[in-house]
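J.: Dropping a structure here in structure tokens format, bear with me for questions.
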Amino acid sequence: MKRVVTCFLFIYILLSGQGVQAESTISYKIEMLNWKEVNQLLPKYTKFTVMDLETGKRFKVQRRAGSHHADVQPLTSKDTKVMKRIYGGKWSWKRRAIIVIHKDQWIAGSMHGMPHGAGALANNFPGHFCIHFYGSTTHRTNSMDLSHMLMVLKASGKLNQYLGKANPYEVINAYVAGLKQQDARITSQASLQEIKWKPILAVIENIRISRMEFLPAEDLTNEISLDVPIDVDWYIKDRGRQSFRGDIHLIRFSPMDAWKVDSQDFLKENNLK
């Protein structure tokens with residue numbers, strides 16, 4: 001099913017997750033197409049353009065394989081250089097929101113930046129990387145990777161809509177995924193407070209939830225405040241591994257409003273603020 005965002009708008013491309021923004025005026029239609037549609041639209045050996053949402057940088061790729069998502073390679077060495085610059089000069093598994101441009105279609109997607117597996121093009125790229133679309137899955141699961149899903153929603157302009165309807169546990173998962181992917185847009189939209197995310201995200205090398213206690217959804221209908229017991233494992237730059245065992249506090253201003261994470265409290269308890 002097509003999910004389309006059609007508009008004439010200003011793209012505000014965040015620079016390094018800060019409040020500084022570069023403005024680019026583009027008239028276009030972004031489609032959040034299901035993977036089954038994209039799989040037919042971009043068959044094996046199709047060439048298309050990838051645009052990184054945050055930086056606006058573009059490079060060309062070719063799809064080479066992939067049945068659950070698209071396995072692609074930069075088309076030339078020049079394209080490889082552009083992709084590496086997008087990742088700050090260092091290959092990474094971090095997900096990034098992208099727009100796939102093919103002919104007259106702009107499609108919301110998500111990529112990671114780590115060469116792996118086999119490669120066949122003379123492009124100075126040691127392998128291939130993966131691009132995910134709405135509904136695509138990893139090789140090891142039959143479900144969509146949460147971080148890729150959030151990036152697709154971000155690229156399509158539907159992230160805020162998703163978080164506005166999410167239950168507290170979905171908000172926490174999205175918030176932690178934003179920390180893991182070092183994505184200020186995701187963390188800020190799930191956060192109660194405005195935070196200067198750049199210095200915080202820069203030191204978070206990895207994070208995962210090892211335990212989270214759930215209450216039945218029907219018990220939360222009229223709640224406007226909630227403490228969720230959670231165990232989190234961090235990898236912090238220059239500190240190594242550290243663990244958090246405690247509560248994440250969430251607030252909403254009415255039963256109709258979106259749940260938000262109390263970032264001030266959570267970051268302070270983890271010595272990140």
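Ordered as shown in the structure tokens, chains take letters A, B, and onward, while each chain numbers its residues from 1 and ligands are numbered from 1 in the order shown.
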Excluding Gln264 of chain A and its own-chain neighbours fewer than 2 positions away, which residues fall within 8 Å of it when counting only C-alpha atoms? Please give them as a PyMOL selection string.
T.: chain A and resi 193+262+266-268+273
J.: At a cut-off of 8 Å, using only C-alpha atoms, what residues contact Gly135 of chain A? Leave out same-chain residues fewer than 4 positions from it and give the result as a VMD selection string.
T.: chain A and resid 34 to 36 143 to 144 149
J.: Selected residues, all heavy atoms, written as a short mmCIF file (atom, residue, chain, number, x, y, z; two decimals), in the first residue's frame, please.
T.:
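What follows is the written file part.cif:
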data_model
loop_
_atom_site.label_atom_id
_atom_site.label_comp_id
_atom_site.auth_asym_id
_atom_site.auth_seq_id
_atom_site.Cartn_x
_atom_site.Cartn_y
_atom_site.Cartn_z
N ASN A 34 5.85 0.13 0.38
CA ASN A 34 6.11 -1.16 0.98
C ASN A 34 7.22 -1.88 0.22
O ASN A 34 7.37 -1.70 -1.00
CB ASN A 34 4.82 -1.99 0.97
CG ASN A 34 4.97 -3.28 1.74
OD1 ASN A 34 5.52 -4.27 1.26
ND2 ASN A 34 4.47 -3.28 2.98
N TRP A 35 8.00 -2.68 0.93
CA TRP A 35 9.13 -3.38 0.32
C TRP A 35 8.70 -4.21 -0.90
O TRP A 35 9.43 -4.29 -1.90
CB TRP A 35 9.81 -4.28 1.35
CG TRP A 35 10.73 -5.30 0.74
CD1 TRP A 35 10.65 -6.65 0.84
CD2 TRP A 35 11.89 -5.05 -0.08
NE1 TRP A 35 11.65 -7.26 0.13
CE2 TRP A 35 12.44 -6.30 -0.44
CE3 TRP A 35 12.49 -3.89 -0.55
CZ2 TRP A 35 13.57 -6.42 -1.24
CZ3 TRP A 35 13.63 -4.01 -1.36
CH2 TRP A 35 14.16 -5.25 -1.69
N LYS A 36 7.52 -4.82 -0.86
CA LYS A 36 7.08 -5.64 -2.00
C LYS A 36 6.99 -4.79 -3.27
O LYS A 36 7.33 -5.25 -4.36
CB LYS A 36 5.73 -6.30 -1.70
CG LYS A 36 5.81 -7.39 -0.64
CD LYS A 36 4.46 -8.04 -0.43
CE LYS A 36 4.55 -9.15 0.63
NZ LYS A 36 3.22 -9.79 0.87
N SER A 143 10.88 -9.82 10.91
CA SER A 143 10.30 -8.54 11.30
C SER A 143 11.22 -7.40 10.89
O SER A 143 12.42 -7.60 10.65
CB SER A 143 10.05 -8.50 12.81
OG SER A 143 11.26 -8.70 13.51
N MET A 144 10.67 -6.21 10.82
CA MET A 144 11.43 -5.05 10.40
C MET A 144 12.34 -4.60 11.54
O MET A 144 11.92 -4.52 12.69
CB MET A 144 10.49 -3.92 9.99
CG MET A 144 11.19 -2.78 9.29
SD MET A 144 10.02 -1.58 8.62
CE MET A 144 11.16 -0.52 7.71
N MET A 149 13.21 1.03 10.61
CA MET A 149 11.82 1.50 10.51
C MET A 149 11.72 2.97 10.91
O MET A 149 11.05 3.77 10.24
CB MET A 149 10.90 0.67 11.40
CG MET A 149 9.43 1.06 11.28
SD MET A 149 8.36 0.24 12.48
CE MET A 149 8.68 1.25 13.94
#
J.: Looking at A:Glu170, A:Lys154, A:Lys237, A:Val38, which one is nearest to Ile200 of chain A, with distances taken over only C-alpha atoms?
T.: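 Closest residue, counting only C-alpha atoms: A:Lys237.
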J.: For each of A:Arg239, A:Lys180, A:Lys57, A:Lys47, take the minimum atom-to-atom distance to Ile98 of chain A, counting only C-alpha atoms, then give the residue where this is smallest.
T.: A:Lys57
J.: Kindly give the distance, in Å, that separates atom CA of Ile209 of chain A and atom CA of Ser136 of chain A, rounded to a single decimal.
T.: 22.9 Å
J.: So which one's closest to Phe48 of chain A, A:Pro74, A:Pro168, A:Gly157, A:Gly113? Using only C-alpha atoms, please.
T.: A:Pro74
J.: Here is a test: counting only C-alpha atoms, which residue of A:Ala65, A:Leu41, A:Ala177, A:Ala190 is nearest to Leu163 of chain A?
T.: A:Ala190
J.: Which residue out of A:Gly56, A:Gly88, A:Pro199, A:Gly109 has the minimum interatomic distance to His69 of chain A when only C-alpha atoms are used?
T.: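 Closest residue, counting only C-alpha atoms: A:Gly109.
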J.: Which residue, A:Ala120, A:Ala174, A:Ile230, A:Gln62, has the smallest gap to Tyr162 of chain A when you use only C-alpha atoms?
T.: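 For Tyr162 of chain A, the nearest of the given residues is A:Ala174.
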J.: Write out as a list of chain:residue names which residues come within 10 Å of Asp52 of chain A when counting only C-alpha atoms, dropping same-chain ones fewer than 6 positions away.
T.: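 Neighbouring residues, sequence-local ones excluded: A:Ile13, A:Arg58, A:Phe59, A:Met83, A:Ile86, A:Arg96, A:Ala97, A:Ile98, A:Ile99, A:Val100, A:Gly109, A:Ser110, A:Met111, A:Ala155.
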J.: Calculate how many Å separate atom CA of Gln182 of chain A from atom CA of Trp234 of chain A, rounding to one decimal.
T.: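 Straight-line distance from atom CA of Gln182 of chain A to atom CA of Trp234 of chain A works out to 13.0 Å.
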J.: At a cut-off of 12 Å, using only C-alpha atoms, what residues contact Ile251 of chain A? Leave out same-chain residues fewer than 2 positions from it and give the result as a list in words.
T.: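 Here the qualifying residues turn out to be Asn167, Pro168, Val171, Ile172, Ala190, Ser191, Leu192, Gln193, Leu220, Asn222, Glu223, Ile224, Ser225, Leu226, Asp227, Val228, Ile248, His249, Phe253, Ser254, Pro255, Met256, Asp257, Ala258, Trp259, Lys260, Val261, Asp262 and Ser263 of chain A.
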J.: Out of segment 143-266 of chain A, which residues get strand (DSSP E) from DSSP, as a ChimeraX atom specification?
T.: /A:204-212,225-236,240-251,260-261
J.: List every residue of segment 99-254 of chain A that DSSP, applied to the backbone of this structure, places in helix (DSSP H, G or I), and write the result as a ChimeraX atom specification.
T.: /A:146-156,159-165,168-180,184-190,197-202,217-220
